[in-house]
Structures are given as structure tokens and as C-alpha cells.
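Participant: Attaching a single structure in C-alpha cells format; questions to follow.
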Amino acid sequence: EQIAFGRRFGDPDPLVAETGTVPISNRRPDGGLRDADDDVMKILRGNEGWHTDSSYMPISAKASILSAEVVTSSGGETEWADMRAAFEALDPALQQRIATLAAHHSLRYSQARIGHAEPGSFRYGFEGFDPPLRPLVKLHPVTGRPALFIGRHAYGIPGLDEAESIRLLDDLLDLACRPPRVLRHAWRPGDVAVWDNRCVLHRARPYDPSQVRVLHHTRIAGDPATEAGIVPERRA
């Protein structure tokens, strides 16, 4: 039903899951709970940072759907932040400064930054391509409205040194993800949320890992014409 519902917005992203959905859960297939060092738990902890889905892949996701099956007694909420309103709230000088800047996006980078370097047998994201380069300000392909396109996967702004790039991206994220631009949802079994990855960031909130939590995630494939990365200019 979730996959069929998702098709109202576009095709499910086959690079994320051939089945069309991915469990977001601390429960193993055998019914037991994953321990803290489990590779999946490392990804789930990473999801507690502000991000947009698939920005580290060649084609970023158009939209996402999340449904709740089993929830914890407390915690585990999801928050969304409006990046259109965030861009509009920036000082005009800062808007102008970032209008032509871009950043690379990498899941390997964002996981390493929180202390979860890639284990030998596990792969963060998908192999075979370089981290895509994406503008810091994205024009929505339907509305034309500008929105910040940042988040934990973003790094390495061309033209800035590493420290300056980190500082700018961290400052933008801090400015963007503040009230009144943030919505928090406390899940109940049966709840379904849909959001537009092209103009919204989201993050999970911590919960008691000794309690089972099972959500189901579907990503809607982006349009290559508008969700592909920037091709860097070649210089002679």
C-alpha cells in the first residue's frame, strides 16, 4: 500500500531499495534488537543530523514517505525544517554570498564526522561515483522558489579552504533549523508522513534503543533534469 501510494508522486527510487521500501528500525530480521555497534544503528544515529535524502547519490530524491508500525514510549520523533523560509530569513548579503556556491555531498563524509568511519565489510552509500556537487541554493523545479540545499552530507565548497567551508555550512545549518521553521512530529502506529526533499531538511530524534522501533521508508526518484549534481567547469 505504501509503494502504491508513493507512485502518486513518482517512481520509487530503485537505487535505495528494489522492494520500494526500507525498514528504519533497531529490530533485526530475526526479531532481536540490534546492538550499539551494529552498522545499521550507526546509520540510524547519523539520521539524527539534519539532512535531505539521497543528496549524496547522483540523483537526489524528489520526495520521501515514512510510516510508523511500532513506536517507542517516548522519543523517536521526526523533525522537518523549511529551507525556503530559511533562505528568506538570511541577511541579503549572505544570500548574495552563497547564491553561486556549491558543496559536495557524501554519506561517508557525514558518518565519519560523527565518528562512524566505514567498516571494512560495509559500504556507506553506493560505490562507483564521485560525491556529487550541488548548489547551496536550489530553485524548486515546480515553484521556482529558492531554498537552501545543505545538511550533514554537504562539505568541501570549491573556492573555500576546508575550515572556511565547514564554518559556513555549519553556520547556515544552525541559522536554518530554528523555530518557527521547524515542525516536530511524535509518531503513533499507522501515521504516514510525506515531504518534499527539494525544499525540506529532516532529522530523527533519539530514543531508548532497548525499545523496539519500526518505521518504513520509501524514496521517490528525482528527475535527472533537476536533481542531478552540477558538472564542474573544466579549466584549460
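Here, A, B, ... name the chains of the C-alpha cells in the order displayed, residue numbers run from 1 inside each chain, and ligands are numbered from 1 in the same displayed order.
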As a PyMOL selection string, please: every residue in range 15-162 of chain A that a backbone DSSP assignment puts in alpha helix (DSSP H).
Facilitator: chain A and resi 39-46+83-89+92-98+107-113+162
Participant: Which residue out of A:Val16, A:Ala221, A:Ile114, A:Ala4 has the minimum interatomic distance to Arg45 in chain A when only C-alpha atoms are used?
Facilitator: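 Between A:Val16, A:Ala221, A:Ile114, A:Ala4, the residue approaching Arg45 in chain A most closely is A:Ile114.
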Participant: Identify all residues of range 16-208 of chain A in strand (DSSP E or B) (DSSP on the backbone) and supply them as a count of residues only.
Facilitator: 52
Participant: List the spatial neighbours of Thr78 in chain A as a list in words - criterion: any atom at most 10 Å away, only C-alpha atoms, same-chain residues fewer than 2 positions off excluded.
Facilitator: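 My reading of the contact set: Asn47, Glu48, Leu66, Gly75, Gly76, Trp80, Leu183, Arg184, His185, Ala186, Trp187, Ala193, His202, Arg203, Ala204, Arg205 and Pro206 of chain A.
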Participant: Sorted by chain and rising residue number, which residues of range 91-168 of chain A lie within 7 Å of range 55-63 of chain A, and what are their closest atom pairs and distances in Å to one decimal, counting only C-alpha atoms, as a Markdown table?
Facilitator:
```
| residue | atom | partner | partner_atom | distance |
| --- | --- | --- | --- | --- |
| A:His105 | CA | A:Tyr56 | CA | 4.6 |
| A:Ser106 | CA | A:Tyr56 | CA | 4.7 |
| A:Leu107 | CA | A:Tyr56 | CA | 6.0 |
| A:Pro131 | CA | A:Tyr56 | CA | 6.1 |
| A:Pro132 | CA | A:Pro58 | CA | 6.0 |
| A:His153 | CA | A:Tyr56 | CA | 6.7 |
```
Participant: Report, in Å to a single decimal, how far apart CA of Ile150 in chain A and CA of Leu168 in chain A are.
Facilitator: 10.6 Å
